[in-house]
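**Student:** Have a peek at target05.cif (mmCIF, C-alpha atoms).
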```cif
data_start
loop_
_atom_site.label_atom_id
_atom_site.label_comp_id
_atom_site.auth_asym_id
_atom_site.auth_seq_id
_atom_site.Cartn_x
_atom_site.Cartn_y
_atom_site.Cartn_z
CA MET A 1 -64.90 -17.16 85.92
CA SER A 2 -64.92 -13.94 87.86
CA SER A 3 -68.65 -13.44 87.90
CA SER A 4 -71.78 -15.22 86.83
CA SER A 5 -71.57 -13.68 83.41
CA ASP A 6 -73.84 -16.30 81.86
CA LEU A 7 -76.71 -15.34 84.11
CA ASP A 8 -76.71 -11.56 84.38
CA LEU A 9 -77.17 -10.95 80.70
CA VAL A 10 -80.47 -9.17 80.79
CA PRO A 11 -79.94 -5.62 81.96
CA ALA A 12 -82.35 -4.19 84.47
CA ILE A 13 -83.44 -1.37 82.20
CA ALA A 14 -84.27 -2.44 78.68
CA THR A 15 -83.37 0.09 76.04
CA ARG A 16 -85.62 0.93 73.17
CA ARG A 17 -83.43 -1.07 70.81
CA GLU A 18 -83.71 -4.12 73.01
CA ASP A 19 -87.44 -3.69 73.12
CA ALA A 20 -87.43 -3.76 69.37
CA LEU A 21 -85.43 -6.97 69.32
CA SER A 22 -87.65 -9.96 69.38
CA GLY A 23 -87.33 -12.45 72.17
CA LEU A 24 -86.03 -14.99 69.74
CA GLY A 25 -83.40 -12.59 68.47
CA LYS A 26 -82.28 -12.02 72.02
CA MET A 27 -81.98 -15.72 72.64
CA VAL A 28 -80.05 -16.19 69.42
CA SER A 29 -77.76 -13.32 70.33
CA GLN A 30 -77.06 -14.76 73.73
CA GLY A 31 -76.46 -18.20 72.33
CA LEU A 32 -74.14 -16.95 69.66
CA GLY A 33 -72.28 -14.82 72.15
CA TRP A 34 -71.88 -17.80 74.42
CA ALA A 35 -70.56 -19.90 71.56
CA ARG A 36 -68.24 -17.23 70.27
CA LYS A 37 -66.67 -16.30 73.56
CA TYR A 38 -65.67 -19.89 74.26
CA SER A 39 -64.17 -20.56 70.83
CA LEU A 40 -61.75 -17.73 70.28
CA PHE A 41 -59.47 -18.73 67.46
CA GLN A 42 -56.57 -16.39 67.78
CA TYR A 43 -54.04 -15.06 65.35
CA PRO A 44 -50.89 -14.19 67.31
CA PHE A 45 -49.24 -11.22 65.62
CA VAL A 46 -46.00 -11.63 67.54
CA THR A 47 -43.32 -9.04 66.90
CA ALA A 48 -41.24 -8.72 70.05
CA CYS A 49 -40.27 -10.05 73.46
CA CYS A 50 -43.88 -10.25 74.67
CA GLY A 51 -44.03 -13.32 72.43
CA MET A 52 -42.22 -15.30 75.11
CA GLU A 53 -44.92 -14.34 77.59
CA PHE A 54 -47.54 -15.27 75.07
CA MET A 55 -45.99 -18.72 74.79
CA ALA A 56 -45.95 -18.98 78.56
CA VAL A 57 -49.60 -18.12 78.85
CA ALA A 58 -50.56 -20.41 76.00
CA ALA A 59 -48.58 -23.37 77.34
CA ALA A 60 -49.68 -25.91 79.89
CA ARG A 61 -48.98 -24.03 83.11
CA TYR A 62 -51.39 -21.15 82.49
CA ASP A 63 -53.26 -22.82 79.67
CA LEU A 64 -55.39 -20.56 77.54
CA ASP A 65 -57.32 -23.64 76.53
CA ARG A 66 -59.32 -23.34 79.74
CA PHE A 67 -60.91 -20.28 78.15
CA GLY A 68 -61.45 -21.86 74.78
CA ALA A 69 -58.72 -19.76 73.22
CA ALA A 70 -56.14 -22.46 72.77
CA LEU A 71 -55.66 -22.86 69.10
CA PRO A 72 -53.58 -20.29 67.28
CA ARG A 73 -54.48 -20.08 63.63
CA PHE A 74 -51.66 -18.97 61.41
CA SER A 75 -53.95 -17.59 58.79
CA PRO A 76 -55.96 -14.48 59.59
CA ARG A 77 -58.80 -15.90 57.49
CA GLN A 78 -59.42 -18.57 60.10
CA ALA A 79 -59.00 -16.38 63.14
CA ASP A 80 -61.40 -14.18 65.02
CA LEU A 81 -59.13 -12.82 67.74
CA LEU A 82 -56.13 -10.77 66.69
CA MET A 83 -53.55 -10.73 69.44
CA VAL A 84 -51.02 -7.99 68.75
CA VAL A 85 -48.08 -9.09 70.85
CA GLY A 86 -45.18 -6.66 70.87
CA THR A 87 -43.95 -3.42 69.45
CA ILE A 88 -45.47 -2.27 66.18
CA ASN A 89 -43.32 0.16 64.30
CA VAL A 90 -44.25 2.48 61.51
CA LYS A 91 -42.86 0.18 58.87
CA GLN A 92 -45.03 -2.67 60.10
CA ALA A 93 -48.29 -0.76 60.47
CA PRO A 94 -49.54 -1.46 56.92
CA ILE A 95 -48.93 -5.19 57.45
CA LEU A 96 -50.93 -5.18 60.67
CA LYS A 97 -53.73 -3.26 59.00
CA ARG A 98 -53.78 -5.77 56.17
CA VAL A 99 -53.89 -8.71 58.55
CA TYR A 100 -56.78 -7.08 60.39
CA ASP A 101 -58.63 -6.39 57.17
CA SER A 102 -58.29 -9.98 55.98
CA MET A 103 -59.88 -11.43 59.11
CA ALA A 104 -63.48 -12.48 58.74
CA ASP A 105 -66.22 -10.92 60.85
CA PRO A 106 -66.84 -11.13 63.74
CA LYS A 107 -63.38 -10.19 64.96
CA TRP A 108 -61.81 -8.82 68.09
CA VAL A 109 -58.42 -7.32 68.86
CA VAL A 110 -56.31 -7.56 72.00
CA ALA A 111 -53.34 -5.26 72.50
CA PHE A 112 -50.92 -7.45 74.42
CA GLY A 113 -48.37 -5.49 76.42
CA VAL A 114 -47.67 -1.83 76.80
CA CYS A 115 -45.91 -1.44 73.45
CA ALA A 116 -48.93 -2.54 71.47
CA SER A 117 -51.20 -0.51 73.74
CA SER A 118 -49.39 2.81 73.70
CA GLY A 119 -45.89 2.46 72.26
CA GLY A 120 -44.43 1.89 75.70
CA PHE A 121 -41.08 3.47 76.27
CA TYR A 122 -40.34 3.46 72.54
CA ASP A 123 -41.27 7.10 72.10
CA ASN A 124 -39.07 7.58 69.05
CA TYR A 125 -39.00 8.03 65.30
CA ALA A 126 -39.78 4.43 64.42
CA THR A 127 -42.53 3.22 66.74
CA MET A 128 -46.25 3.64 66.41
CA GLN A 129 -47.77 4.98 69.63
CA GLY A 130 -50.35 2.26 70.10
CA ILE A 131 -52.07 0.07 67.56
CA ASP A 132 -55.37 1.84 68.13
CA ARG A 133 -54.07 4.53 65.84
CA ILE A 134 -54.80 2.20 62.93
CA ILE A 135 -57.15 -0.58 64.09
CA PRO A 136 -59.85 -0.70 66.77
CA VAL A 137 -58.86 -2.47 69.99
CA ASP A 138 -61.20 -4.30 72.33
CA VAL A 139 -58.98 -5.07 75.31
CA TYR A 140 -55.69 -3.50 76.34
CA ILE A 141 -53.42 -5.61 78.52
CA PRO A 142 -50.74 -3.46 80.16
CA GLY A 143 -47.40 -4.68 81.41
CA CYS A 144 -43.88 -4.95 80.11
CA PRO A 145 -44.39 -7.82 79.65
CA PRO A 146 -47.75 -8.60 81.28
CA ARG A 147 -47.96 -11.36 83.82
CA PRO A 148 -49.84 -14.43 82.56
CA GLU A 149 -52.53 -13.64 85.14
CA GLN A 150 -53.03 -10.25 83.50
CA VAL A 151 -53.44 -11.91 80.13
CA LEU A 152 -55.99 -14.34 81.51
CA ASP A 153 -57.83 -11.43 83.09
CA GLY A 154 -57.82 -9.66 79.74
CA ILE A 155 -59.17 -12.75 78.01
CA MET A 156 -61.95 -13.01 80.57
CA MET A 157 -62.80 -9.34 80.10
CA LEU A 158 -62.96 -9.94 76.38
CA GLN A 159 -65.28 -12.90 76.93
CA GLN A 160 -67.53 -10.72 79.02
CA LYS A 161 -67.50 -8.11 76.30
CA ILE A 162 -68.32 -10.63 73.59
CA GLN A 163 -71.18 -12.02 75.62
CA ASP A 164 -72.58 -8.52 76.09
CA GLN A 165 -72.39 -7.69 72.41
CA ARG A 166 -75.29 -8.14 70.06
CA HIS A 167 -74.86 -11.09 67.71
CA GLN A 168 -76.92 -11.98 64.69
CA LEU A 169 -77.23 -15.16 62.67
CA ILE A 170 -78.18 -13.32 59.51
CA GLY A 171 -78.19 -9.70 58.62
CA ASN A 172 -74.52 -8.93 59.00
CA GLU A 173 -73.81 -7.45 55.63
CA PRO A 174 -70.49 -8.52 54.18
CA PRO A 175 -68.28 -5.61 53.22
CA ALA A 176 -68.73 -4.46 49.66
CA LEU A 177 -66.25 -5.81 47.18
CA PRO A 178 -64.21 -3.27 45.29
CA ALA A 179 -65.45 -2.57 41.78
CA LYS A 180 -63.68 -4.48 39.05
CA GLY A 181 -61.58 -2.81 36.40
CA MET B 1 -3.55 -6.21 72.09
CA SER B 2 -2.10 -5.06 68.85
CA GLN B 3 0.33 -2.25 69.27
CA ALA B 4 2.39 -4.08 66.68
CA ALA B 5 -0.40 -3.76 64.16
CA LEU B 6 -0.77 -0.08 64.88
CA GLN B 7 2.96 0.43 64.58
CA LYS B 8 3.02 -1.32 61.28
CA LEU B 9 0.10 0.71 60.02
CA LYS B 10 1.80 3.93 61.03
CA GLU B 11 4.99 2.99 59.24
CA ARG B 12 3.18 1.95 56.10
CA PHE B 13 0.85 4.97 55.93
CA PRO B 14 2.60 7.88 57.62
CA ASP B 15 0.32 10.40 55.93
CA ALA B 16 -3.03 8.65 56.26
CA VAL B 17 -2.75 7.69 59.92
CA THR B 18 -2.82 10.98 61.76
CA GLN B 19 -2.79 9.72 65.32
CA THR B 20 -2.78 6.53 67.36
CA TYR B 21 -3.72 6.11 70.99
CA VAL B 22 -4.85 3.55 73.51
CA GLY B 23 -8.47 4.08 74.37
CA LYS B 24 -10.36 3.19 77.52
CA GLY B 25 -10.23 -0.50 78.27
CA GLY B 26 -7.04 -0.93 76.27
CA ASP B 27 -8.42 -0.66 72.75
CA ASP B 28 -5.85 0.36 70.20
CA VAL B 29 -7.20 3.12 68.03
CA ALA B 30 -5.92 4.76 64.87
CA LEU B 31 -7.31 7.94 63.39
CA VAL B 32 -7.33 7.53 59.63
CA LYS B 33 -7.97 10.08 56.92
CA LYS B 34 -11.15 9.65 54.96
CA GLU B 35 -9.47 9.43 51.56
CA ALA B 36 -7.28 6.50 52.55
CA VAL B 37 -9.88 4.16 54.05
CA ALA B 38 -10.02 1.67 51.19
CA GLU B 39 -6.26 1.53 50.87
CA VAL B 40 -5.68 1.07 54.59
CA CYS B 41 -8.36 -1.62 54.83
CA ARG B 42 -6.95 -3.51 51.88
CA PHE B 43 -3.55 -3.47 53.56
CA LEU B 44 -4.95 -4.59 56.90
CA LYS B 45 -6.65 -7.53 55.29
CA ASP B 46 -3.90 -8.67 52.94
CA ASP B 47 -0.79 -8.17 55.01
CA PRO B 48 0.44 -11.60 56.17
CA GLU B 49 1.30 -10.33 59.64
CA LEU B 50 -1.99 -8.55 60.25
CA GLN B 51 -4.67 -10.60 58.45
CA PHE B 52 -7.75 -8.74 59.62
CA ASP B 53 -9.93 -11.26 57.83
CA MET B 54 -13.22 -10.70 59.60
CA ALA B 55 -15.55 -8.01 58.32
CA PRO B 56 -15.34 -5.03 60.64
CA TYR B 57 -18.20 -3.78 62.72
CA ILE B 58 -18.86 -0.38 61.18
CA THR B 59 -20.86 2.27 62.94
CA ALA B 60 -20.87 6.02 63.20
CA ALA B 61 -21.18 8.79 65.75
CA ASP B 62 -22.54 12.27 65.31
CA TYR B 63 -20.59 15.02 67.08
CA MET B 64 -22.75 17.87 65.93
CA GLY B 65 -21.05 21.21 66.28
CA SER B 66 -17.49 19.99 65.88
CA GLU B 67 -15.55 19.50 62.70
CA PRO B 68 -15.51 16.95 61.18
CA ARG B 69 -19.04 16.25 62.31
CA PHE B 70 -19.23 12.47 61.91
CA ASP B 71 -16.96 9.76 63.10
CA LEU B 72 -16.99 6.44 61.27
CA VAL B 73 -15.77 3.64 63.50
CA TYR B 74 -14.37 0.36 62.20
CA GLN B 75 -13.86 -2.40 64.76
CA MET B 76 -11.38 -4.80 63.19
CA TYR B 77 -10.70 -8.34 64.26
CA SER B 78 -8.39 -11.02 62.95
CA THR B 79 -9.48 -14.59 63.53
CA LYS B 80 -6.06 -15.86 62.47
CA LYS B 81 -3.93 -13.70 64.75
CA ASN B 82 -6.55 -12.99 67.41
CA HIS B 83 -5.90 -9.29 67.62
CA ARG B 84 -8.05 -6.23 67.16
CA ILE B 85 -7.73 -2.57 66.34
CA ARG B 86 -10.18 0.23 65.82
CA LEU B 87 -10.12 2.79 63.05
CA ARG B 88 -11.78 6.18 63.46
CA VAL B 89 -12.45 8.16 60.33
CA GLY B 90 -13.61 11.74 60.50
CA VAL B 91 -16.30 12.55 57.94
CA PRO B 92 -17.28 16.18 57.32
CA GLU B 93 -20.92 17.10 56.94
CA SER B 94 -20.30 18.92 53.68
CA ASP B 95 -18.96 15.84 51.92
CA PRO B 96 -20.23 12.69 53.70
CA VAL B 97 -18.83 10.22 51.18
CA VAL B 98 -16.42 7.43 52.06
CA ALA B 99 -15.04 4.62 49.94
CA SER B 100 -16.89 1.38 50.54
CA VAL B 101 -15.05 -1.59 52.03
CA THR B 102 -17.67 -4.07 50.84
CA PRO B 103 -15.41 -5.10 47.92
CA ILE B 104 -12.83 -6.07 50.56
CA TRP B 105 -15.13 -7.74 53.11
CA LYS B 106 -18.51 -8.88 51.86
CA GLY B 107 -19.87 -8.75 55.39
CA ALA B 108 -19.48 -4.99 55.54
CA ASN B 109 -22.47 -4.64 53.23
CA TRP B 110 -25.21 -4.21 55.84
CA TYR B 111 -23.07 -2.12 58.18
CA GLU B 112 -22.54 0.41 55.45
CA ARG B 113 -26.21 0.40 54.58
CA TYR B 114 -26.90 0.98 58.27
CA CYS B 115 -24.61 4.01 58.33
CA TRP B 116 -26.27 5.39 55.23
CA ASP B 117 -29.73 4.80 56.62
CA LEU B 118 -29.31 6.27 60.07
CA TYR B 119 -26.46 8.78 59.65
CA GLY B 120 -26.52 9.66 55.97
CA ILE B 121 -22.94 8.74 55.22
CA ARG B 122 -22.71 7.57 51.64
CA PHE B 123 -20.34 4.79 50.57
CA GLU B 124 -18.77 5.09 47.16
CA GLY B 125 -18.70 1.76 45.33
CA HIS B 126 -21.27 0.00 47.52
CA PRO B 127 -23.08 -2.66 45.45
CA ASP B 128 -26.51 -2.11 47.02
CA PRO B 129 -26.79 1.39 48.50
CA ARG B 130 -30.30 1.15 49.95
CA ARG B 131 -31.56 1.91 53.41
CA LEU B 132 -31.30 -0.95 55.88
CA TYR B 133 -33.89 -0.33 58.62
CA MET B 134 -36.16 2.50 57.57
CA TYR B 135 -38.51 2.38 54.62
CA GLU B 136 -37.73 3.96 51.30
CA GLU B 137 -40.32 6.70 51.84
CA PHE B 138 -38.49 7.93 54.92
CA VAL B 139 -36.96 11.38 54.60
CA GLY B 140 -33.81 12.18 56.52
CA HIS B 141 -31.51 10.16 58.74
CA PRO B 142 -32.96 9.58 62.19
CA LEU B 143 -29.81 9.12 64.29
CA ARG B 144 -28.44 12.50 63.27
CA LYS B 145 -28.58 14.88 66.18
CA ASP B 146 -30.54 17.43 64.21
CA TYR B 147 -33.32 15.00 63.33
CA SER B 148 -36.51 15.91 65.15
CA LEU B 149 -36.62 14.00 68.43
CA ARG B 150 -39.87 12.20 67.72
CA GLY B 151 -40.38 13.01 64.07
CA ARG B 152 -42.52 10.18 62.82
CA GLN B 153 -43.30 9.61 59.20
CA PRO B 154 -46.26 7.22 59.08
CA LEU B 155 -46.84 5.12 56.01
CA MET B 156 -50.61 5.21 56.40
CA PRO B 157 -53.10 7.59 57.95
CA GLU B 158 -53.25 7.29 61.73
CA ARG B 159 -55.97 8.32 64.11
CA THR B 160 -54.93 11.01 66.56
CA VAL B 161 -55.32 10.06 70.20
CA ASP B 162 -55.72 12.85 72.73
CA GLU B 163 -54.08 11.37 75.74
CA PRO B 164 -51.45 12.98 77.90
CA PHE B 165 -49.51 9.77 78.47
CA ARG B 166 -49.01 8.92 74.83
CA GLY B 167 -46.25 10.19 72.64
CA PRO B 168 -47.09 12.69 69.96
CA GLY B 169 -48.97 11.54 66.94
CA PRO B 170 -48.07 11.06 63.30
CA THR B 171 -46.58 14.49 62.84
CA GLY B 172 -44.19 14.09 65.74
CA GLY B 173 -43.08 16.84 68.03
#
```
Please express what this file holds, its structure, as structure tokens.
**Tutor:**
Amino acid sequence: MSSSSDLDLVPAIATRREDALSGLGKMVSQGLGWARKYSLFQYPFVTACCGMEFMAVAAARYDLDRFGAALPRFSPRQADLLMVVGTINVKQAPILKRVYDSMADPKWVVAFGVCASSGGFYDNYATMQGIDRIIPVDVYIPGCPPRPEQVLDGIMMLQQKIQDQRHQLIGNEPPALPAKG
Amino acid sequence: MSQAALQKLKERFPDAVTQTYVGKGGDDVALVKKEAVAEVCRFLKDDPELQFDMAPYITAADYMGSEPRFDLVYQMYSTKKNHRIRLRVGVPESDPVVASVTPIWKGANWYERYCWDLYGIRFEGHPDPRRLYMYEEFVGHPLRKDYSLRGRQPLMPERTVDEPFRGPGPTGG
């Protein structure tokens, strides 16, 4: 790990919201964050050549398993990390949105490569200029394609981000179901 | 490679084949009139000396400003005789309709859909005249020179991102 992220969780200046959180809630949040950042089940949404780099980084030499993100789930229902690997064009945007919507909370998104991040050099009639035009993105990994080290760095940044987020055991309201009929 | 094929084509269709020449790299090219495409292709496939049995690679080019505006290009190959020729067919913008060669070669199906999708050249008698790449909601033909350079037509609402290094948003530029 790059820093002692497990230890420097408590910020020096407590905000009012953190004051309001009970000590137990804080402990639960930290524990859940710790558990969640080391068990990232990813859904690789692979559309283009970055997929080869994704395979490289997931295979034994660079080994995403060291970060607890080894197991790709091929159903978005079982995943909590959406890795958008490759160019997303306009025709594919509704599919990506649907995949994102069918993932269960909590969920995170990584834009893998410059095409997913900003459209890359595909500045044309068919390509969406970055997936953040339709879904929120947590970590952008630049590169065409990114080096495996960059991907690992991005994963570690995401872990740091997850650890710093506020997690709850209960109280996360499920999204409302659409009305029948 | 196939001057003989070109010669034969010229003798058989003196009216339809307006010009033949040897292009760069030694490709043998024949300029064919639009009305005679189906007839010429049928001949090229069925003639026992020519036997262009493989479906041609069909694409188009847009020479905006000249007449005829479009150029349909058929890259022919014979697996039996191992020779190739290329047909160029001028297509005017006012009447961009050409006879389909899908009844002759089944494999021409997607190439003709491609030309319809990206250049807007319609093929008479095509069994499945849909777009190939773009979605049905798409308006226009993006590889035409007068299509807006980055005219995007999103299928769903997109957030606008104010960033100088990104391309323009959903409405294009």
**Student:** Just want the 7 Å neighbourhood of A:Thr87, counted on only C-alpha atoms, with same-chain residues fewer than 3 positions away dropped. Output as number ranges by chain.
**Tutor:** A: 47-48, 115-116, 119
**Student:** Keeping C-alpha atoms for every residue in the selection just given, could you write it to a file as a compact mmCIF listing (two decimals), in the coordinates of the input?
**Tutor:**
```txt
# COMPACT_ATOMS: atom_id res chain seq x y z
CA THR A 47 -43.32 -9.04 66.90
CA ALA A 48 -41.24 -8.72 70.05
CA CYS A 115 -45.91 -1.44 73.45
CA ALA A 116 -48.93 -2.54 71.47
CA GLY A 119 -45.89 2.46 72.26
```
**Student:** Check the smallest atom-to-atom distance from each of A:Ala70, A:Leu32, A:Cys49, A:Val139 to A:Pro106 using all atoms listed in the file, then report the winner.
**Tutor:**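 That would be A:Leu32, the residue with the smallest distance to A:Pro106.
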**Student:** Each residue of chain A lying at most 6 Å from chain B should get a row with its shortest atom-to-atom pair and the distance in Å to one decimal, counting all atoms listed in the file; could you produce that, ordered by chain and increasing number, as JSON lines?
**Tutor:**
```
{"residue": "A:Val90", "atom": "CA", "partner": "B:Pro154", "partner_atom": "CA", "distance": 5.7}
{"residue": "A:Asp123", "atom": "CA", "partner": "B:Gly167", "partner_atom": "CA", "distance": 5.9}
{"residue": "A:Asn124", "atom": "CA", "partner": "B:Arg150", "partner_atom": "CA", "distance": 4.9}
{"residue": "A:Tyr125", "atom": "CA", "partner": "B:Arg152", "partner_atom": "CA", "distance": 4.8}
{"residue": "A:Arg133", "atom": "CA", "partner": "B:Arg159", "partner_atom": "CA", "distance": 4.6}
{"residue": "A:Ile134", "atom": "CA", "partner": "B:Glu158", "partner_atom": "CA", "distance": 5.5}
```
**Student:** Suppose we keep C-alpha atoms; can you now write the selection as a PDB file, in the coordinates of the input?
**Tutor:**
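Wrote out-v1.pdb, looks like this:
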```
ATOM      1  CA  VAL A  90     -44.250   2.480  61.510  1.00  0.00           C
ATOM      2  CA  ASP A 123     -41.270   7.100  72.100  1.00  0.00           C
ATOM      3  CA  ASN A 124     -39.070   7.580  69.050  1.00  0.00           C
ATOM      4  CA  TYR A 125     -39.000   8.030  65.300  1.00  0.00           C
ATOM      5  CA  ARG A 133     -54.070   4.530  65.840  1.00  0.00           C
ATOM      6  CA  ILE A 134     -54.800   2.200  62.930  1.00  0.00           C
TER       7      ILE A 134
END
```
**Student:** Can you turn the PyMOL selection byres ((chain B and resi 115) around 10) into a concrete residue list for this file, as a ChimeraX atom specification?
**Tutor:** /B:58-61,72,110-114,116-123,131-132,141,143
**Student:** May I ask for the distance between atom CA of B:Asp27 and atom CA of B:Gly125, given in Å to one decimal place?
**Tutor:**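 Answer for the atom CA of B:Asp27 to atom CA of B:Gly125 separation: 29.4 Å.
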**Student:** Can you list, as a list in words, the residues that the PyMOL selection byres ((chain A and resi 155) around 10) selects here?
**Tutor:**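 Evaluating the PyMOL selection byres ((chain A and resi 155) around 10) on this file yields Lys37, Leu40, Leu64, Phe67, Gly68, Ala69, Val110, Val139, Ile141, Glu149, Gln150, Val151, Leu152, Asp153, Gly154, Met156, Met157, Leu158, Gln159, Gln160 and Lys161 of chain A.
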